[in-house]
Structures are given as C-alpha cells and as structure tokens.
Amino acid sequence: MNFFSLHRIRFQHKSVLPILLAILLLTSLGLVPAVAQDAEPAGQLTVFMWGGPPDIDTYEAAIARYTETFPQVEIELVDAGGCGASYAACKTLIAGGTMADVFVPGSWNYNDMANDGVLEDLTPWIEADEDVDLADFNSVTIEAVTSLRDSQVVGLPMGFNIQSLWYNRDMFDAAGLAYPPADGDYTWNDVREWAIQLTLDNNGNTPASADFDPAAIEQWGYYNHFVWPWGNGYDPILFAFGGSAMTLPDRQSCNLEHPDSIRAWQFIQDLMWTDHSTVKPDAHAEQIGFLRWVDGQVAMQHGSFEQAKLVDDQNPGLNYDIAPLPAGEAGNATVIQVHMWSIYSGSANKDLAWHLVKWLATEGSVGHYGTIMTLIPAYQDFALGEYFVDAPYAPEHTKEAQLDPLDWELTTYPSMYNDKTDQIQGSDGFGDALNDILNNRKSAAEALAGICAQVDAVMQE
C-alpha cells in the first residue's frame with residue numbers, strides 16, 4: 001500500500017444533495033464552522049513557534065510564503081518560550097490571556113492538552129471543507145494527531161520524523177563488514193555483533209579482546225537515544241522484541257513487565273555494560289551521542305532525518321548512509337513522531353486560523369526552503385520528490401530507510417505518548433527504573449519488578 005497515493009471518496013450526485021442541505025442547516029445553526037471556500041482571507045493571527053535557529057528559519061519561510069500568497073492576512077510569529085514543546089509554558093500564556101491562535105503542540109503532550117480542552121476539535125472543520133481529505137495524508141500521521149480520549153482530530157500534520165539506522169561507511173569498510181541491508185533484512189543481534197567489532201579503545205582493541213579497555217574508548221560501535229532515556233530510542237527495540245512501554249493501541253496500561261519488554265531492556269543493558277559497545281550515560285553527558293556520530297566517533301546510530309542536516313552543516317565530508325531499523329522476533333519496528341498545526345480553542349479568529357492551518361499542512365507544507373524543521377512531508381506524495389527523498393543532502397537510501405517502514409505493521413508513534421506522558425516517564429512512573437537499568441544498578445528484571453502497579457496508579461489518578 002502506498003500511503004502517499006490519493007484516495008478520495010466520491011459520491012453520486014443523488015447522495016450529495018441531502019448532505020449539502022444538512023451541512024447548510026447545521027452551519028446556519030452554528031453547529032458546523034462556516035468555511036468560506038472562495039473568499040479571500042483577511043485579518044490578523046498570532047502563531048507560536050519553537051525549536052532551534054534552523055527550525056525558526058523554516059517557520060519564518062513558511063509563514064512568509066503564506067502572507068505572500070494571501071497579502072490581506074497579517075501574522076505575528078512569536079517564539080513564546082517553548083509553548084507547544086512544553087505544555088506548562090502554554091498554561092502560563094493561557095492564564096495570562098496571551099495565547100496564540102495557532103501553535104504546534106508536541107506529540108508527547110497534545111493528548112493532555114486535548115483532555116483539558118486547549119485544542120480545537122478540527123473534525124467539523126475538516127468535514128465542512130471540501131479541500132481537505134484526510135486520506136491525502138499518510139495514515140500513520142493521522143493516527144498520531146487523533147485524540148486518544150474521543151478519536152477527534154486535534155491537528156493537521158506539519159510533518160513527521162521516523163527512526164532509522166545511520167552508519168559510517170568508512171568504519172564498516174575498515175572493519176571488513178558489509179553495510180546494513182537497505183531492505184531491513186537484518187536483526188538486532190546483527191547490530192549487537194557489528195557494534196562489538198566497530199568499537200575500539202585507544203590501542204585499537206575491540207571488546208572481544210582480553211586487552212580491551214572500556215575506560216579508554218575512542219570509537220563506539222553504536223549510539224541510541226535510549227540513553228536519555230527517550231522513547232524514540234527504546235520503543236522500536238521493545239516493539240521488535242514483542243513488548244512496549246505501554247499497551248497498544250490504547251496506551252493506557254503499563255506493559256514494561258511483559259517478558260518481551262524485560263528481555264528487550266536486558267538487551268539494551270547488555271549493549272552498554274556487557275559489550276561496552278554503546279555510548280553510556282557518562283559519555284553521553286560529556287557530549288551528546290548523536291553529535292559524536294556526526295563528528296565521526298560512532299559507527300552506527302539510531303536517529304531521524306535531522307541528522308542529515310547536521311552532517312550537511314557540520315561535517316559534510318562524512319561518508320555515511322542509512323538503513324531501516326532491524327527486526328526482532330516480532331518483526332521490523334520503528335516509531336514516528338509527528339508535529340502538528342493546531343488551533344487554540346480560545347482563539348477569536350478560528351475561521352482564519354483554520355485557513356492558515358489547512359494551507360500550511362497541505363499545499364504550503366513545502367516550498368523553496370524545503371520543509372519545516374526538516375520534517376518529512378505527510379501530505380500527498382511530496383516526500384517522494386525534491387523536498388525530501390531527492391533533497392541535495394539526502395542519503396542514498398533515504399526512501400528505503402525513511403518511507404518504506406511506514407508500511408510495517410509495527411510502525412506507530414511512541415507507546416508512552418498519552419495524556420500523562422510526563423508523569424509516567426518521571427519518578428512517579430517508570431523513570432527511576434529505566435535509569436537503574438541504564439546505569440547498571442539493577443538488572444532489567446529487578447528494576448522493572450512491580451513497576452506496572454506504580455505506572456497504572458499514575459494513569460488512574
């Protein structure tokens with residue numbers, strides 16, 4: 001199935017008239033938003049943004065394209081202290097009456113916002129607007145912007161990222177290893193074996209040597225975001241082993257005590273502390289692991305497409321490529337993370353805000369400067385062309401590693417992303433247990449024993 005194909009449902013003319021009459025009636029009663037299809041938009045909006053300097057540049061470019069296309073709209077683009085990435089920052093602005101009309105919630109906190117009524121339910125707007133068809137978006141991204149509470153769409157995708165294996169070709173060549181297969185036909189055990197052979201101390205010894213010094217590593221075989229600990233890093237391994245952090249697809253109950261989840265976490269712990277082939281918390285604290293990969297200190301890493309832009313900016317001579325993540329007993333698995341355009345439910349300019357959100361998520365999602373925040377376009381087949389797969393800094397196997405996994409059964413957004421993400425990932429949830437594993441204070445089974453009662457208690461509060 002090609003998720004970037006168009007799948008429009010067309011009605012016979014006899015069935016359209018009653019639907020149109022019903023929409024007109026509901027609109028006249030104020031129950032469905034009145035979407036002016038042909039009117040030239042005009043008015044003022046405030047839009048909040050967040051991210052680093054390169055991200056801000058892409059926001060500004062997208063908004064500039066919109067105002068050039070619709071010159072009667074004035075937009076104030078504000079970097080508002082991380083509102084969107086941080087729900088707490090938004091709460092402060094809402095309380096002060098200075099919240100934006102349009103903003104970008106994090107996929108890790110939008111369910112919490114939806115539960116509090118902060119996000120406008122876009123379902124009526126979508127149903128009333130003939131220019132928007134959710135089937136034109138990648139289906140996994142629509143799943144990720146749909147509220148767990150009531151299955152309402154609370155945003156339109158800005159774009160998404162997906163986790164793949166990024167590897168240094170020169171290091172593989174030096175070790176005499178074949179590159180990871182571009183079709184994903186390899187396993188996590190393969191990654192473990194390669195990581196051992198690709199890890200070197202200051203005397204050139206690998207962890208397989210009796211003379212290897214784990215305190216003097218100069219080249220690591222592997223880096224993964226699980227060292228933060230970050231769900232984008234560990235969930236794909238848990239999925240591939242048959243487990244998850246929280247139950248799927250509801251994400252409402254802890255699943256960390258499932259035998260397959262424990263086995264996956266022990267695998268992660270062994271990479272770090274038995275094999276000494278993977279960047280550990282202390283080395284990560286000295287320099288973030290993905291920056292070590294960009295600098296040429298790490299042979300393989302697990303990451304998303306912003307790595308390509310980092311390499312292009314900081315180390316353009318790096319000889320690298322990417323592959324889909326490997327398989328475990330349950331199959332190949334990865335996670336996506338979606339950024340979305342949302343409307344603040346308290347906005348006084350919802351008609352105009354909808355016009356902006358719709359344009360930014362569809363025809364305005366790409367442009368001369370590429371995509372916002374180097375995200376993969378989620379709309380139609382934009383990802384297959386110059387804006388992503390054929391971008392000048394895209395690695396050779398970008399399509400195979402970044403788009404083909406969207407068809408995998410085990411591809412979804414992180415399992416701990418629900419309405420209490422912050423709480424369950426913190427000390428009241430499973431945060432301390434994961435840190436015990438990552439710092440080798442307890443085995444995975446010991447650290448996770450009884451953890452689900454603790455996490456489920458947080459979910460039930």
# chains A, B, ... in the order shown; residues from 1 in each chain; ligands from 1

call {"tool": "select_by_dssp", "arguments": {"residues": "segment 65-291 of chain A", "states": "helix (DSSP H, G or I)", "output": "number ranges by chain"}}
result
A: 65-69, 87-95, 110-115, 123-128, 134-136, 139-144, 169-175, 188-198, 214-216, 225-227, 231-241, 259-273, 281-286, 289-291

call {"tool": "closest_atom_pairs", "arguments": {"of": "segment 83-189 of chain A", "to": "segment 233-249 of chain A", "cutoff": "12 Å", "atoms": "only C-alpha atoms", "output": "Markdown table"}}
result
| residue | atom | partner | partner_atom | distance |
| --- | --- | --- | --- | --- |
| A:Glu143 | CA | A:Pro249 | CA | 10.2 |
| A:Ala144 | CA | A:Pro249 | CA | 11.0 |
| A:Leu148 | CA | A:Pro249 | CA | 9.4 |
| A:Ile162 | CA | A:Pro236 | CA | 10.5 |
| A:Gln163 | CA | A:Gly233 | CA | 8.0 |
| A:Ser164 | CA | A:Pro236 | CA | 9.9 |
| A:Leu165 | CA | A:Gly233 | CA | 11.0 |
| A:Tyr186 | CA | A:Ala240 | CA | 11.9 |
| A:Thr187 | CA | A:Ala240 | CA | 9.3 |
| A:Trp188 | CA | A:Ile237 | CA | 8.0 |
| A:Asn189 | CA | A:Ile237 | CA | 11.2 |

call {"tool": "closest_residue", "arguments": {"among": "A:Tyr393, A:Phe172, A:Trp354, A:Phe382", "to": "Val132 of chain A", "atoms": "only C-alpha atoms"}}
result
A:Trp354

call {"tool": "residues_around", "arguments": {"residues": "Leu352 of chain A", "least_positions_apart": "3", "cutoff": "10 Å", "atoms": "only C-alpha atoms", "output": "PyMOL selection string"}}
result
chain A and resi 35-36+41-45+73+101-102+348-349+355-358

call {"tool": "write_last_selection", "arguments": {"atoms": "C-alpha atoms", "output": "PDB file, in the first residue's frame"}}
result
ATOM      1  CA  VAL A  35     -15.740  27.674   5.777  1.00  0.00           C
ATOM      2  CA  ALA A  36     -15.626  30.273   3.026  1.00  0.00           C
ATOM      3  CA  PRO A  41      -8.822  35.543   3.712  1.00  0.00           C
ATOM      4  CA  ALA A  42      -8.133  38.704   5.673  1.00  0.00           C
ATOM      5  CA  GLY A  43      -7.346  39.587   9.259  1.00  0.00           C
ATOM      6  CA  GLN A  44      -4.698  39.095  11.917  1.00  0.00           C
ATOM      7  CA  LEU A  45      -3.322  35.981  13.612  1.00  0.00           C
ATOM      8  CA  VAL A  73      -3.537  38.439   6.329  1.00  0.00           C
ATOM      9  CA  ASP A 101      -4.397  31.494  17.613  1.00  0.00           C
ATOM     10  CA  VAL A 102      -2.229  28.765  16.058  1.00  0.00           C
ATOM     11  CA  ALA A 348     -11.322  34.566  18.474  1.00  0.00           C
ATOM     12  CA  ASN A 349     -10.158  34.064  14.850  1.00  0.00           C
ATOM     13  CA  HIS A 355      -7.420  28.660   6.638  1.00  0.00           C
ATOM     14  CA  LEU A 356      -3.805  29.058   7.761  1.00  0.00           C
ATOM     15  CA  VAL A 357      -3.557  25.588   9.322  1.00  0.00           C
ATOM     16  CA  LYS A 358      -5.110  23.967   6.258  1.00  0.00           C
TER      17      LYS A 358
END

call {"tool": "select_by_dssp", "arguments": {"residues": "segment 121-286 of chain A", "states": "strand (DSSP E)", "output": "PDB file with C-alpha atoms, in the first residue's frame"}}
result
ATOM      1  CA  LEU A 156      -3.129  18.609  10.910  1.00  0.00           C
ATOM      2  CA  PRO A 157       0.346  17.181  10.336  1.00  0.00           C
ATOM      3  CA  MET A 158       3.161  19.661   9.854  1.00  0.00           C
ATOM      4  CA  GLY A 159       5.312  16.644   9.024  1.00  0.00           C
ATOM      5  CA  PHE A 160       6.957  13.772  10.818  1.00  0.00           C
ATOM      6  CA  ASN A 161      10.231  12.061  11.525  1.00  0.00           C
ATOM      7  CA  ILE A 162      10.985   8.356  11.702  1.00  0.00           C
ATOM      8  CA  SER A 164      16.348   4.622  11.075  1.00  0.00           C
ATOM      9  CA  LEU A 165      19.876   3.223  11.407  1.00  0.00           C
ATOM     10  CA  TRP A 166      22.567   5.736  10.377  1.00  0.00           C
ATOM     11  CA  TYR A 167      26.021   4.288   9.768  1.00  0.00           C
ATOM     12  CA  ASN A 168      29.543   5.372   8.902  1.00  0.00           C
ATOM     13  CA  LEU A 200      37.820   0.475  19.541  1.00  0.00           C
ATOM     14  CA  ASP A 201      39.842   1.597  22.536  1.00  0.00           C
ATOM     15  CA  ILE A 217      37.081   4.045  24.128  1.00  0.00           C
ATOM     16  CA  GLU A 218      37.879   6.207  21.122  1.00  0.00           C
ATOM     17  CA  GLN A 219      35.295   4.785  18.708  1.00  0.00           C
ATOM     18  CA  TRP A 220      31.899   3.456  19.737  1.00  0.00           C
ATOM     19  CA  GLY A 221      30.051   0.888  17.694  1.00  0.00           C
ATOM     20  CA  TYR A 222      26.565   2.214  18.433  1.00  0.00           C
ATOM     21  CA  TYR A 223      24.540   5.080  19.908  1.00  0.00           C
TER      22      TYR A 223
END

call {"tool": "residues_around", "arguments": {"residues": "Gly184 of chain A", "least_positions_apart": "2", "cutoff": "12 Å", "atoms": "only C-alpha atoms", "output": "count of residues only"}}
result
29

call {"tool": "residues_around", "arguments": {"residues": "Met99 of chain A", "least_positions_apart": "2", "cutoff": "12 Å", "atoms": "only C-alpha atoms", "output": "ChimeraX atom specification"}}
result
/A:45-49,78-81,83-84,87,89-97,101-103,118-119,343-348

call {"tool": "atom_distance", "arguments": {"atom1": "atom CA of Asn255 of chain A", "atom2": "atom CA of Ser147 of chain A"}}
result
20.8 Å

call {"tool": "closest_atom_pairs", "arguments": {"of": "segment 254-339 of chain A", "to": "segment 439-444 of chain A", "cutoff": "12 Å", "atoms": "only C-alpha atoms", "output": "Markdown table"}}
result
| residue | atom | partner | partner_atom | distance |
| --- | --- | --- | --- | --- |
| A:Leu256 | CA | A:Ala444 | CA | 9.9 |
| A:Glu257 | CA | A:Ala444 | CA | 9.6 |
| A:His258 | CA | A:Ala444 | CA | 11.5 |
| A:Pro259 | CA | A:Ala444 | CA | 10.4 |
| A:Asp260 | CA | A:Ala444 | CA | 11.2 |
| A:Ser261 | CA | A:Ala444 | CA | 9.2 |
| A:Ile262 | CA | A:Ala444 | CA | 5.9 |
| A:Arg263 | CA | A:Ala444 | CA | 7.7 |
| A:Ala264 | CA | A:Ala444 | CA | 8.8 |
| A:Trp265 | CA | A:Ala444 | CA | 5.8 |
| A:Gln266 | CA | A:Ala444 | CA | 5.2 |
| A:Phe267 | CA | A:Ala444 | CA | 8.9 |
| A:Ile268 | CA | A:Ala444 | CA | 9.1 |
| A:Gln269 | CA | A:Asn440 | CA | 7.1 |
| A:Asp270 | CA | A:Asn440 | CA | 9.2 |
| A:Leu271 | CA | A:Asn440 | CA | 11.2 |
| A:Met272 | CA | A:Asn440 | CA | 8.7 |
| A:Trp273 | CA | A:Asn440 | CA | 7.0 |
| A:Thr274 | CA | A:Asn440 | CA | 9.9 |
| A:His276 | CA | A:Asn440 | CA | 11.9 |
| A:Val279 | CA | A:Asn439 | CA | 11.6 |
| A:Lys280 | CA | A:Asn439 | CA | 7.9 |
| A:Pro281 | CA | A:Asn439 | CA | 7.0 |
| A:Asp282 | CA | A:Asn439 | CA | 8.9 |
| A:Ala283 | CA | A:Asn439 | CA | 11.8 |
| A:His284 | CA | A:Asn439 | CA | 12.0 |

call {"tool": "write_last_selection", "arguments": {"atoms": "N, CA and C atoms", "output": "PDB file, in the first residue's frame"}}
result
ATOM      1  N   LEU A 256       5.579  -2.792  30.757  1.00  0.00           N
ATOM      2  CA  LEU A 256       7.015  -2.988  30.950  1.00  0.00           C
ATOM      3  C   LEU A 256       7.362  -4.287  31.661  1.00  0.00           C
ATOM      4  N   GLU A 257       6.393  -4.901  32.335  1.00  0.00           N
ATOM      5  CA  GLU A 257       6.679  -6.182  32.983  1.00  0.00           C
ATOM      6  C   GLU A 257       6.363  -7.380  32.090  1.00  0.00           C
ATOM      7  N   HIS A 258       5.937  -7.126  30.877  1.00  0.00           N
ATOM      8  CA  HIS A 258       5.763  -8.215  29.920  1.00  0.00           C
ATOM      9  C   HIS A 258       7.132  -8.857  29.678  1.00  0.00           C
ATOM     10  N   PRO A 259       7.217 -10.181  29.615  1.00  0.00           N
ATOM     11  CA  PRO A 259       8.527 -10.831  29.431  1.00  0.00           C
ATOM     12  C   PRO A 259       9.319 -10.308  28.241  1.00  0.00           C
ATOM     13  N   ASP A 260       8.618  -9.970  27.148  1.00  0.00           N
ATOM     14  CA  ASP A 260       9.332  -9.473  25.969  1.00  0.00           C
ATOM     15  C   ASP A 260       9.874  -8.067  26.190  1.00  0.00           C
ATOM     16  N   SER A 261       9.177  -7.257  26.978  1.00  0.00           N
ATOM     17  CA  SER A 261       9.688  -5.923  27.312  1.00  0.00           C
ATOM     18  C   SER A 261      10.921  -6.030  28.198  1.00  0.00           C
ATOM     19  N   ILE A 262      10.877  -6.931  29.182  1.00  0.00           N
ATOM     20  CA  ILE A 262      12.034  -7.134  30.058  1.00  0.00           C
ATOM     21  C   ILE A 262      13.223  -7.646  29.256  1.00  0.00           C
ATOM     22  N   ARG A 263      12.966  -8.573  28.353  1.00  0.00           N
ATOM     23  CA  ARG A 263      14.047  -9.133  27.533  1.00  0.00           C
ATOM     24  C   ARG A 263      14.679  -8.042  26.662  1.00  0.00           C
ATOM     25  N   ALA A 264      13.857  -7.146  26.113  1.00  0.00           N
ATOM     26  CA  ALA A 264      14.379  -6.060  25.287  1.00  0.00           C
ATOM     27  C   ALA A 264      15.231  -5.101  26.117  1.00  0.00           C
ATOM     28  N   TRP A 265      14.774  -4.799  27.333  1.00  0.00           N
ATOM     29  CA  TRP A 265      15.556  -3.897  28.169  1.00  0.00           C
ATOM     30  C   TRP A 265      16.862  -4.538  28.627  1.00  0.00           C
ATOM     31  N   GLN A 266      16.864  -5.854  28.831  1.00  0.00           N
ATOM     32  CA  GLN A 266      18.119  -6.510  29.180  1.00  0.00           C
ATOM     33  C   GLN A 266      19.089  -6.485  27.995  1.00  0.00           C
ATOM     34  N   PHE A 267      18.542  -6.610  26.796  1.00  0.00           N
ATOM     35  CA  PHE A 267      19.362  -6.493  25.586  1.00  0.00           C
ATOM     36  C   PHE A 267      20.018  -5.110  25.542  1.00  0.00           C
ATOM     37  N   ILE A 268      19.245  -4.065  25.823  1.00  0.00           N
ATOM     38  CA  ILE A 268      19.777  -2.701  25.835  1.00  0.00           C
ATOM     39  C   ILE A 268      20.876  -2.567  26.886  1.00  0.00           C
ATOM     40  N   GLN A 269      20.616  -3.089  28.082  1.00  0.00           N
ATOM     41  CA  GLN A 269      21.605  -3.006  29.154  1.00  0.00           C
ATOM     42  C   GLN A 269      22.887  -3.746  28.787  1.00  0.00           C
ATOM     43  N   ASP A 270      22.767  -4.887  28.149  1.00  0.00           N
ATOM     44  CA  ASP A 270      23.936  -5.674  27.766  1.00  0.00           C
ATOM     45  C   ASP A 270      24.775  -4.973  26.701  1.00  0.00           C
ATOM     46  N   LEU A 271      24.108  -4.255  25.774  1.00  0.00           N
ATOM     47  CA  LEU A 271      24.863  -3.485  24.786  1.00  0.00           C
ATOM     48  C   LEU A 271      25.833  -2.524  25.473  1.00  0.00           C
ATOM     49  N   MET A 272      25.362  -1.925  26.558  1.00  0.00           N
ATOM     50  CA  MET A 272      26.143  -0.892  27.226  1.00  0.00           C
ATOM     51  C   MET A 272      27.176  -1.464  28.186  1.00  0.00           C
ATOM     52  N   TRP A 273      26.765  -2.439  29.002  1.00  0.00           N
ATOM     53  CA  TRP A 273      27.585  -2.831  30.144  1.00  0.00           C
ATOM     54  C   TRP A 273      28.239  -4.201  30.031  1.00  0.00           C
ATOM     55  N   THR A 274      27.724  -5.071  29.166  1.00  0.00           N
ATOM     56  CA  THR A 274      28.396  -6.348  28.916  1.00  0.00           C
ATOM     57  C   THR A 274      29.335  -6.219  27.725  1.00  0.00           C
ATOM     58  N   HIS A 276      30.092  -3.190  26.160  1.00  0.00           N
ATOM     59  CA  HIS A 276      30.804  -1.895  26.175  1.00  0.00           C
ATOM     60  C   HIS A 276      30.913  -1.306  24.764  1.00  0.00           C
ATOM     61  N   VAL A 279      27.335   3.945  23.525  1.00  0.00           N
ATOM     62  CA  VAL A 279      27.564   5.141  24.331  1.00  0.00           C
ATOM     63  C   VAL A 279      26.743   5.066  25.616  1.00  0.00           C
ATOM     64  N   LYS A 280      27.419   5.203  26.762  1.00  0.00           N
ATOM     65  CA  LYS A 280      26.780   5.098  28.076  1.00  0.00           C
ATOM     66  C   LYS A 280      26.403   6.488  28.602  1.00  0.00           C
ATOM     67  N   PRO A 281      25.651   6.530  29.711  1.00  0.00           N
ATOM     68  CA  PRO A 281      25.213   7.834  30.229  1.00  0.00           C
ATOM     69  C   PRO A 281      26.348   8.807  30.520  1.00  0.00           C
ATOM     70  N   ASP A 282      27.484   8.328  31.042  1.00  0.00           N
ATOM     71  CA  ASP A 282      28.565   9.259  31.375  1.00  0.00           C
ATOM     72  C   ASP A 282      29.162   9.893  30.122  1.00  0.00           C
ATOM     73  N   ALA A 283      29.396   9.079  29.089  1.00  0.00           N
ATOM     74  CA  ALA A 283      29.941   9.624  27.838  1.00  0.00           C
ATOM     75  C   ALA A 283      28.918  10.513  27.147  1.00  0.00           C
ATOM     76  N   HIS A 284      27.659  10.142  27.250  1.00  0.00           N
ATOM     77  CA  HIS A 284      26.597  10.955  26.656  1.00  0.00           C
ATOM     78  C   HIS A 284      26.508  12.316  27.341  1.00  0.00           C
TER      79      HIS A 284
END
